[in-house]
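So this one's run-v6.cif, mmCIF, N, CA and C atoms and all ligand atoms:
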```
data_target
loop_
_atom_site.label_atom_id
_atom_site.label_comp_id
_atom_site.auth_asym_id
_atom_site.auth_seq_id
_atom_site.Cartn_x
_atom_site.Cartn_y
_atom_site.Cartn_z
N MET A 259 0.83 -1.19 0.00
CA MET A 259 0.00 0.00 0.00
C MET A 259 0.88 1.25 0.00
N VAL A 260 0.46 2.21 -0.74
CA VAL A 260 1.24 3.45 -0.86
C VAL A 260 0.67 4.51 0.07
N ASN A 261 1.53 4.96 0.99
CA ASN A 261 1.03 6.03 1.85
C ASN A 261 1.29 7.39 1.18
N ARG A 262 0.75 8.40 1.76
CA ARG A 262 0.80 9.73 1.15
C ARG A 262 2.25 10.23 1.00
N ARG A 263 3.08 9.96 2.04
CA ARG A 263 4.45 10.45 2.04
C ARG A 263 5.27 9.82 0.89
N SER A 264 5.19 8.46 0.75
CA SER A 264 5.96 7.81 -0.31
C SER A 264 5.43 8.20 -1.69
N PHE A 265 4.12 8.42 -1.78
CA PHE A 265 3.54 8.87 -3.06
C PHE A 265 4.12 10.23 -3.47
N LEU A 266 4.21 11.15 -2.48
CA LEU A 266 4.74 12.48 -2.77
C LEU A 266 6.22 12.42 -3.15
N GLN A 267 6.99 11.54 -2.42
CA GLN A 267 8.42 11.41 -2.72
C GLN A 267 8.62 10.89 -4.15
N LYS A 268 7.86 9.88 -4.53
CA LYS A 268 7.99 9.31 -5.89
C LYS A 268 7.62 10.35 -6.94
N SER A 269 6.56 11.09 -6.67
CA SER A 269 6.12 12.11 -7.63
C SER A 269 7.20 13.17 -7.81
N PHE A 270 7.84 13.57 -6.72
CA PHE A 270 8.89 14.58 -6.78
C PHE A 270 10.08 14.09 -7.61
N LYS A 271 10.52 12.83 -7.37
CA LYS A 271 11.67 12.28 -8.11
C LYS A 271 11.34 12.21 -9.61
N THR A 272 10.16 11.76 -9.94
CA THR A 272 9.75 11.65 -11.34
C THR A 272 9.76 13.03 -12.00
N SER A 273 9.27 14.03 -11.27
CA SER A 273 9.23 15.39 -11.83
C SER A 273 10.63 15.92 -12.09
N VAL A 274 11.56 15.65 -11.14
CA VAL A 274 12.93 16.14 -11.29
C VAL A 274 13.57 15.51 -12.52
N VAL A 275 13.40 14.18 -12.70
CA VAL A 275 13.98 13.49 -13.85
C VAL A 275 13.38 14.05 -15.14
N ALA A 276 12.07 14.21 -15.17
CA ALA A 276 11.41 14.72 -16.37
C ALA A 276 11.87 16.13 -16.69
N PHE A 277 11.97 16.97 -15.67
CA PHE A 277 12.41 18.35 -15.88
C PHE A 277 13.84 18.39 -16.41
N SER A 278 14.72 17.54 -15.84
CA SER A 278 16.11 17.51 -16.29
C SER A 278 16.20 17.11 -17.76
N ALA A 279 15.42 16.10 -18.16
CA ALA A 279 15.44 15.64 -19.55
C ALA A 279 14.98 16.75 -20.48
N VAL A 280 13.92 17.45 -20.11
CA VAL A 280 13.41 18.53 -20.95
C VAL A 280 14.43 19.67 -21.02
N ALA A 281 15.01 20.02 -19.86
CA ALA A 281 15.98 21.11 -19.82
C ALA A 281 17.20 20.77 -20.67
N TRP A 282 17.69 19.52 -20.57
CA TRP A 282 18.86 19.10 -21.35
C TRP A 282 18.53 19.14 -22.84
N GLY A 283 17.36 18.66 -23.19
CA GLY A 283 16.93 18.69 -24.59
C GLY A 283 16.88 20.10 -25.12
N SER A 284 16.37 21.03 -24.31
CA SER A 284 16.30 22.43 -24.73
C SER A 284 17.69 23.02 -24.93
N LEU A 285 18.61 22.69 -24.01
CA LEU A 285 19.97 23.21 -24.13
C LEU A 285 20.64 22.69 -25.40
N ALA A 286 20.46 21.38 -25.66
CA ALA A 286 21.08 20.79 -26.84
C ALA A 286 20.52 21.43 -28.11
N THR A 287 19.20 21.63 -28.14
CA THR A 287 18.57 22.26 -29.30
C THR A 287 19.08 23.69 -29.47
N ALA A 288 19.18 24.41 -28.37
CA ALA A 288 19.68 25.79 -28.43
C ALA A 288 21.11 25.82 -28.95
N ALA A 289 21.95 24.87 -28.49
CA ALA A 289 23.34 24.83 -28.95
C ALA A 289 23.41 24.55 -30.44
N ASN A 290 22.56 23.61 -30.92
CA ASN A 290 22.55 23.31 -32.35
C ASN A 290 22.13 24.52 -33.16
N LYS A 291 21.09 25.22 -32.66
CA LYS A 291 20.61 26.41 -33.37
C LYS A 291 21.72 27.44 -33.44
N TYR A 292 22.45 27.61 -32.30
CA TYR A 292 23.52 28.60 -32.26
C TYR A 292 24.59 28.26 -33.29
N SER A 293 24.99 26.97 -33.33
CA SER A 293 26.02 26.56 -34.27
C SER A 293 25.60 26.84 -35.70
N LYS A 294 24.30 26.58 -36.00
CA LYS A 294 23.83 26.81 -37.36
C LYS A 294 23.85 28.29 -37.70
N VAL A 295 23.34 29.10 -36.76
CA VAL A 295 23.29 30.55 -37.00
C VAL A 295 24.69 31.12 -37.14
N ALA A 296 25.60 30.66 -36.27
CA ALA A 296 26.96 31.20 -36.29
C ALA A 296 27.80 30.56 -37.39
N GLY A 297 27.24 29.58 -38.11
CA GLY A 297 27.98 28.93 -39.18
C GLY A 297 29.15 28.12 -38.66
N LEU A 298 28.97 27.45 -37.54
CA LEU A 298 30.08 26.74 -36.92
C LEU A 298 30.06 25.24 -37.19
N SER A 299 29.57 24.81 -38.33
CA SER A 299 29.58 23.39 -38.62
C SER A 299 31.04 22.97 -38.77
N LYS A 300 31.33 21.68 -38.60
CA LYS A 300 32.71 21.19 -38.68
C LYS A 300 33.32 21.51 -40.04
N LYS A 301 32.53 21.34 -41.10
CA LYS A 301 33.05 21.60 -42.45
C LYS A 301 33.46 23.05 -42.61
N LYS A 302 32.59 23.97 -42.13
CA LYS A 302 32.89 25.39 -42.28
C LYS A 302 34.11 25.79 -41.46
N LYS A 303 34.23 25.18 -40.24
CA LYS A 303 35.39 25.48 -39.39
C LYS A 303 36.66 25.10 -40.12
N LYS A 304 36.65 23.88 -40.72
CA LYS A 304 37.82 23.39 -41.43
C LYS A 304 38.11 24.27 -42.63
N ALA A 305 37.08 24.66 -43.35
CA ALA A 305 37.27 25.52 -44.53
C ALA A 305 37.85 26.86 -44.11
N ALA A 306 37.46 27.35 -42.93
CA ALA A 306 37.95 28.64 -42.46
C ALA A 306 39.42 28.57 -42.08
N THR A 307 39.84 27.46 -41.45
CA THR A 307 41.23 27.36 -41.00
C THR A 307 42.13 26.77 -42.07
N CYS A 308 41.57 26.07 -43.04
CA CYS A 308 42.38 25.41 -44.06
C CYS A 308 41.90 25.81 -45.46
N PRO A 309 41.98 27.08 -45.81
CA PRO A 309 41.43 27.50 -47.10
C PRO A 309 42.24 27.00 -48.30
N HIS A 310 43.50 26.61 -48.07
CA HIS A 310 44.35 26.21 -49.20
C HIS A 310 44.79 24.75 -49.09
N LEU A 311 43.92 23.94 -48.52
CA LEU A 311 44.20 22.51 -48.40
C LEU A 311 44.35 21.91 -49.80
N ILE A 312 45.36 21.08 -49.98
CA ILE A 312 45.57 20.46 -51.30
C ILE A 312 44.34 19.65 -51.68
N ASP A 313 43.83 19.92 -52.87
CA ASP A 313 42.65 19.22 -53.37
C ASP A 313 43.08 18.31 -54.52
N LEU A 314 43.30 17.04 -54.21
CA LEU A 314 43.78 16.10 -55.23
C LEU A 314 42.78 15.91 -56.37
N SER A 315 41.50 16.16 -56.08
CA SER A 315 40.48 15.99 -57.13
C SER A 315 40.52 17.15 -58.12
N MET A 316 41.20 18.22 -57.77
CA MET A 316 41.38 19.40 -58.63
C MET A 316 40.05 19.90 -59.21
N LYS A 317 39.08 20.09 -58.31
CA LYS A 317 37.77 20.58 -58.76
C LYS A 317 37.89 21.94 -59.43
N ASN A 318 38.75 22.80 -58.85
CA ASN A 318 38.96 24.12 -59.45
C ASN A 318 40.26 24.10 -60.26
N LYS A 319 40.15 23.81 -61.53
CA LYS A 319 41.35 23.66 -62.37
C LYS A 319 42.11 24.96 -62.57
N GLY A 320 41.45 26.09 -62.31
CA GLY A 320 42.11 27.39 -62.46
C GLY A 320 42.93 27.80 -61.25
N ASN A 321 42.95 26.98 -60.21
CA ASN A 321 43.70 27.31 -59.00
C ASN A 321 45.16 26.87 -59.17
N GLU A 322 46.01 27.83 -59.57
CA GLU A 322 47.41 27.52 -59.87
C GLU A 322 48.17 26.97 -58.67
N THR A 323 47.89 27.54 -57.49
CA THR A 323 48.56 27.06 -56.28
C THR A 323 48.26 25.58 -56.07
N ASN A 324 46.99 25.24 -56.22
CA ASN A 324 46.61 23.84 -56.03
C ASN A 324 47.21 22.95 -57.11
N ASN A 325 47.20 23.43 -58.35
CA ASN A 325 47.75 22.62 -59.44
C ASN A 325 49.22 22.28 -59.19
N LYS A 326 49.98 23.27 -58.74
CA LYS A 326 51.41 23.02 -58.46
C LYS A 326 51.56 22.07 -57.28
N ALA A 327 50.76 22.32 -56.23
CA ALA A 327 50.85 21.49 -55.03
C ALA A 327 50.45 20.04 -55.32
N VAL A 328 49.46 19.86 -56.17
CA VAL A 328 49.02 18.50 -56.51
C VAL A 328 50.14 17.76 -57.25
N ALA A 329 50.83 18.48 -58.15
CA ALA A 329 51.94 17.85 -58.88
C ALA A 329 53.01 17.35 -57.90
N PHE A 330 53.35 18.18 -56.90
CA PHE A 330 54.31 17.79 -55.87
C PHE A 330 53.76 16.59 -55.09
N ALA A 331 52.52 16.76 -54.65
CA ALA A 331 51.90 15.76 -53.77
C ALA A 331 51.82 14.38 -54.44
N LYS A 332 51.45 14.36 -55.71
CA LYS A 332 51.33 13.07 -56.41
C LYS A 332 52.68 12.37 -56.50
N ASN A 333 53.74 13.14 -56.74
CA ASN A 333 55.09 12.54 -56.79
C ASN A 333 55.48 11.93 -55.46
N LEU A 334 54.94 12.49 -54.39
CA LEU A 334 55.29 12.00 -53.04
C LEU A 334 54.34 10.89 -52.56
N GLY A 335 53.35 10.55 -53.37
CA GLY A 335 52.37 9.54 -52.96
C GLY A 335 51.47 10.04 -51.85
N TYR A 336 51.21 11.35 -51.86
CA TYR A 336 50.39 11.99 -50.84
C TYR A 336 48.95 11.46 -50.87
N VAL A 337 48.42 11.14 -49.71
CA VAL A 337 47.01 10.76 -49.58
C VAL A 337 46.37 11.70 -48.56
N GLU A 338 45.15 12.13 -48.83
CA GLU A 338 44.49 13.13 -47.98
C GLU A 338 44.10 12.59 -46.61
N ASN A 339 43.72 11.31 -46.56
CA ASN A 339 43.32 10.71 -45.29
C ASN A 339 44.01 9.36 -45.18
N VAL A 340 45.05 9.32 -44.37
CA VAL A 340 45.88 8.11 -44.32
C VAL A 340 45.11 6.90 -43.77
N THR A 341 44.19 7.12 -42.86
CA THR A 341 43.41 6.00 -42.30
C THR A 341 42.59 5.32 -43.40
N LYS A 342 41.91 6.14 -44.21
CA LYS A 342 41.12 5.58 -45.31
C LYS A 342 42.03 4.91 -46.34
N ALA A 343 43.16 5.56 -46.63
CA ALA A 343 44.08 5.03 -47.64
C ALA A 343 44.65 3.68 -47.23
N VAL A 344 44.90 3.50 -45.95
CA VAL A 344 45.41 2.21 -45.46
C VAL A 344 44.33 1.14 -45.63
N LYS A 345 43.10 1.51 -45.27
CA LYS A 345 41.99 0.54 -45.38
C LYS A 345 41.78 0.07 -46.81
N THR A 346 41.99 0.99 -47.77
CA THR A 346 41.76 0.63 -49.17
C THR A 346 43.05 0.16 -49.86
N GLY A 347 44.13 0.09 -49.11
CA GLY A 347 45.39 -0.40 -49.68
C GLY A 347 46.12 0.61 -50.54
N LYS A 348 45.74 1.90 -50.47
CA LYS A 348 46.39 2.92 -51.30
C LYS A 348 47.68 3.45 -50.68
N ALA A 349 47.85 3.20 -49.39
CA ALA A 349 49.05 3.69 -48.71
C ALA A 349 49.53 2.64 -47.72
N HIS A 350 50.86 2.63 -47.51
CA HIS A 350 51.43 1.64 -46.60
C HIS A 350 52.42 2.34 -45.66
N PRO A 351 51.89 3.21 -44.81
CA PRO A 351 52.77 3.96 -43.90
C PRO A 351 53.19 3.13 -42.69
N LYS A 352 54.17 3.63 -41.97
CA LYS A 352 54.51 3.03 -40.67
C LYS A 352 53.32 3.28 -39.77
N ALA A 353 53.11 2.40 -38.82
CA ALA A 353 51.96 2.53 -37.92
C ALA A 353 51.93 3.90 -37.25
N GLY A 354 50.81 4.57 -37.34
CA GLY A 354 50.63 5.86 -36.66
C GLY A 354 51.18 7.05 -37.42
N ALA A 355 51.79 6.81 -38.58
CA ALA A 355 52.40 7.93 -39.32
C ALA A 355 51.33 8.78 -40.00
N LEU A 356 51.44 10.08 -39.85
CA LEU A 356 50.58 11.03 -40.55
C LEU A 356 51.28 12.38 -40.58
N CYS A 357 50.79 13.27 -41.42
CA CYS A 357 51.44 14.59 -41.53
C CYS A 357 51.59 15.25 -40.16
N GLY A 358 50.58 15.09 -39.33
CA GLY A 358 50.57 15.75 -38.02
C GLY A 358 51.76 15.39 -37.13
N ASN A 359 52.39 14.22 -37.37
CA ASN A 359 53.56 13.87 -36.54
C ASN A 359 54.82 13.71 -37.40
N CYS A 360 54.80 14.38 -38.55
CA CYS A 360 55.96 14.35 -39.46
C CYS A 360 56.86 15.56 -39.17
N MET A 361 58.16 15.36 -39.30
CA MET A 361 59.09 16.47 -38.99
C MET A 361 58.99 17.62 -39.99
N PHE A 362 58.36 17.38 -41.14
CA PHE A 362 58.24 18.44 -42.15
C PHE A 362 56.93 19.22 -42.03
N PHE A 363 56.11 18.87 -41.06
CA PHE A 363 54.80 19.51 -40.90
C PHE A 363 54.89 20.73 -39.98
N ILE A 364 54.29 21.83 -40.44
CA ILE A 364 54.22 23.05 -39.62
C ILE A 364 52.75 23.37 -39.43
N PRO A 365 52.20 23.16 -38.23
CA PRO A 365 50.76 23.41 -38.03
C PRO A 365 50.40 24.86 -38.33
N SER A 366 49.19 25.06 -38.89
CA SER A 366 48.79 26.42 -39.25
C SER A 366 48.62 27.31 -38.03
N ALA A 367 48.42 26.69 -36.87
CA ALA A 367 48.38 27.42 -35.59
C ALA A 367 48.78 26.43 -34.51
N ALA A 368 49.31 26.93 -33.40
CA ALA A 368 49.74 26.03 -32.33
C ALA A 368 48.59 25.14 -31.89
N GLY A 369 48.84 23.86 -31.86
CA GLY A 369 47.82 22.92 -31.42
C GLY A 369 46.77 22.59 -32.46
N ASN A 370 46.90 23.17 -33.66
CA ASN A 370 45.92 22.93 -34.72
C ASN A 370 46.06 21.51 -35.24
N LYS A 371 44.98 20.75 -35.21
CA LYS A 371 45.02 19.38 -35.69
C LYS A 371 44.17 19.20 -36.94
N THR A 372 44.13 20.23 -37.76
CA THR A 372 43.37 20.12 -39.01
C THR A 372 44.28 20.22 -40.23
N CYS A 373 45.21 21.17 -40.20
CA CYS A 373 46.07 21.33 -41.37
C CYS A 373 47.31 22.15 -41.04
N GLY A 374 48.19 22.24 -42.02
CA GLY A 374 49.41 23.03 -41.85
C GLY A 374 50.20 23.03 -43.14
N LYS A 375 51.43 23.52 -43.05
CA LYS A 375 52.28 23.55 -44.25
C LYS A 375 53.25 22.38 -44.21
N CYS A 376 53.69 22.00 -45.39
CA CYS A 376 54.68 20.94 -45.49
C CYS A 376 55.94 21.55 -46.08
N LYS A 377 57.09 21.30 -45.43
CA LYS A 377 58.36 21.87 -45.91
C LYS A 377 58.80 21.22 -47.22
N ILE A 378 58.31 20.02 -47.49
CA ILE A 378 58.70 19.32 -48.73
C ILE A 378 57.89 19.84 -49.91
N ILE A 379 56.58 20.01 -49.69
CA ILE A 379 55.71 20.52 -50.76
C ILE A 379 55.87 22.04 -50.76
N ALA A 380 56.89 22.48 -51.48
CA ALA A 380 57.29 23.89 -51.41
C ALA A 380 56.47 24.77 -52.35
N VAL A 381 55.19 24.82 -52.13
CA VAL A 381 54.32 25.69 -52.91
C VAL A 381 53.71 26.70 -51.94
N PRO A 382 54.11 27.98 -52.06
CA PRO A 382 53.61 28.98 -51.10
C PRO A 382 52.08 28.97 -51.00
N GLY A 383 51.61 28.89 -49.78
CA GLY A 383 50.16 28.94 -49.54
C GLY A 383 49.48 27.58 -49.48
N ALA A 384 50.12 26.56 -50.03
CA ALA A 384 49.47 25.23 -50.05
C ALA A 384 49.49 24.62 -48.64
N GLN A 385 48.41 23.97 -48.29
CA GLN A 385 48.30 23.34 -46.97
C GLN A 385 48.07 21.84 -47.12
N VAL A 386 48.62 21.09 -46.19
CA VAL A 386 48.36 19.64 -46.14
C VAL A 386 47.47 19.36 -44.94
N SER A 387 46.73 18.27 -45.05
CA SER A 387 45.86 17.90 -43.94
C SER A 387 46.69 17.27 -42.82
N TYR A 388 46.29 17.51 -41.59
CA TYR A 388 46.94 16.90 -40.43
C TYR A 388 46.89 15.38 -40.54
N HIS A 389 45.81 14.87 -41.15
CA HIS A 389 45.56 13.43 -41.22
C HIS A 389 46.02 12.81 -42.55
N ALA A 390 46.80 13.57 -43.30
CA ALA A 390 47.31 13.06 -44.57
C ALA A 390 48.64 12.34 -44.33
N TRP A 391 49.27 11.91 -45.41
CA TRP A 391 50.56 11.21 -45.31
C TRP A 391 51.20 11.17 -46.69
N CYS A 392 52.52 11.07 -46.73
CA CYS A 392 53.20 10.81 -48.00
C CYS A 392 54.44 9.97 -47.73
N LYS A 393 55.09 9.53 -48.82
CA LYS A 393 56.24 8.62 -48.70
C LYS A 393 57.47 9.28 -48.09
N SER A 394 57.49 10.61 -48.03
CA SER A 394 58.63 11.30 -47.44
C SER A 394 58.50 11.49 -45.93
N TRP A 395 57.49 10.89 -45.34
CA TRP A 395 57.25 11.06 -43.91
C TRP A 395 58.48 10.65 -43.08
N VAL A 396 58.83 11.50 -42.14
CA VAL A 396 59.89 11.20 -41.17
C VAL A 396 59.35 11.62 -39.80
N LYS A 397 59.49 10.72 -38.86
CA LYS A 397 58.96 10.98 -37.52
C LYS A 397 59.56 12.25 -36.90
N LYS A 398 58.63 13.07 -36.38
CA LYS A 398 59.07 14.32 -35.70
C LYS A 398 59.86 13.93 -34.45
N ALA A 399 61.01 14.57 -34.26
CA ALA A 399 61.86 14.25 -33.10
C ALA A 399 61.24 14.74 -31.80
S1 LIG B 401 56.57 15.25 -45.93
FE1 LIG B 401 55.46 14.94 -44.02
S2 LIG B 401 54.17 16.75 -43.76
FE2 LIG B 401 54.83 16.68 -45.91
S3 LIG B 401 53.18 15.63 -46.98
FE3 LIG B 401 54.71 14.10 -46.44
S4 LIG B 401 54.03 13.26 -44.46
FE4 LIG B 401 52.94 15.19 -44.80
#
```
Here is a file; write its structure as structure tokens.
Amino acid sequence: MVNRRSFLQKSFKTSVVAFSAVAWGSLATAANKYSKVAGLSKKKKKAATCPHLIDLSMKNKGNETNNKAVAFAKNLGYVENVTKAVKTGKAHPKAGALCGNCMFFIPSAAGNKTCGKCKIIAVPGAQVSYHAWCKSWVKKA
């Protein structure tokens, strides 16, 4: 049998849980709306910090910087995403090797794990992905 006191206690706990779920849902929705309004999607963030990332597909054929960088990159066996390239057998790097831990990589900003410059791909303005790799990789000391 449920007495009045235990009934009230159960009702209170249920209300707190329900309120928390609604409040959390509202916060998450508000955060998503903010990101959309502020244009902070992951793709846009990357595009903002890595405007000159080497595009091996060469969608914009009139981009001379990219054309030169692609020529360098292809000679080096550069792959944009080393994890995917290993899975498909397109690259055979040492375990854990990527541009981000290569001695020739210069991050575009301290702690930036999206892109940077490569000392080997000597095309001013061209950027390599942090998660890329090429055959000239040498472990950063
Ligand atoms: S030399 Fe290093 S930083 Fe440059 S593309 Fe190759 S792996 Fe990346």
Which residues are near ligand LIG 401 (chain B) in this structure, taking near to mean any atom at most 6.5 Å from a ligand atom and counting all atoms listed in the file? Format them as a ChimeraX atom specification. /A:336,356-358,360-364,375-379,386,390-396
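Residues within 7 Å of range 305-320 of chain A, counting all atoms listed in the file and excluding same-chain residues fewer than 3 positions away, are Lys300, Lys301, Lys302, Thr323, Asn324, Asn325, Ala327, Val328, Thr372, Cys373, Gly374, Gly383, Ala384, Gln385, Val386 and Ser387 of chain A.
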Using DSSP on the backbone coordinates, identify the residues of range 338-385 of chain A assigned to strand (DSSP E); present them as a list of chain:residue names. A:Phe363, A:Ile364, A:Pro365, A:Cys373, A:Gly374, A:Lys375, A:Cys376
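The space separating CA of Val344 in chain A from CA of Ala329 in chain A comes to 21.6 Å.
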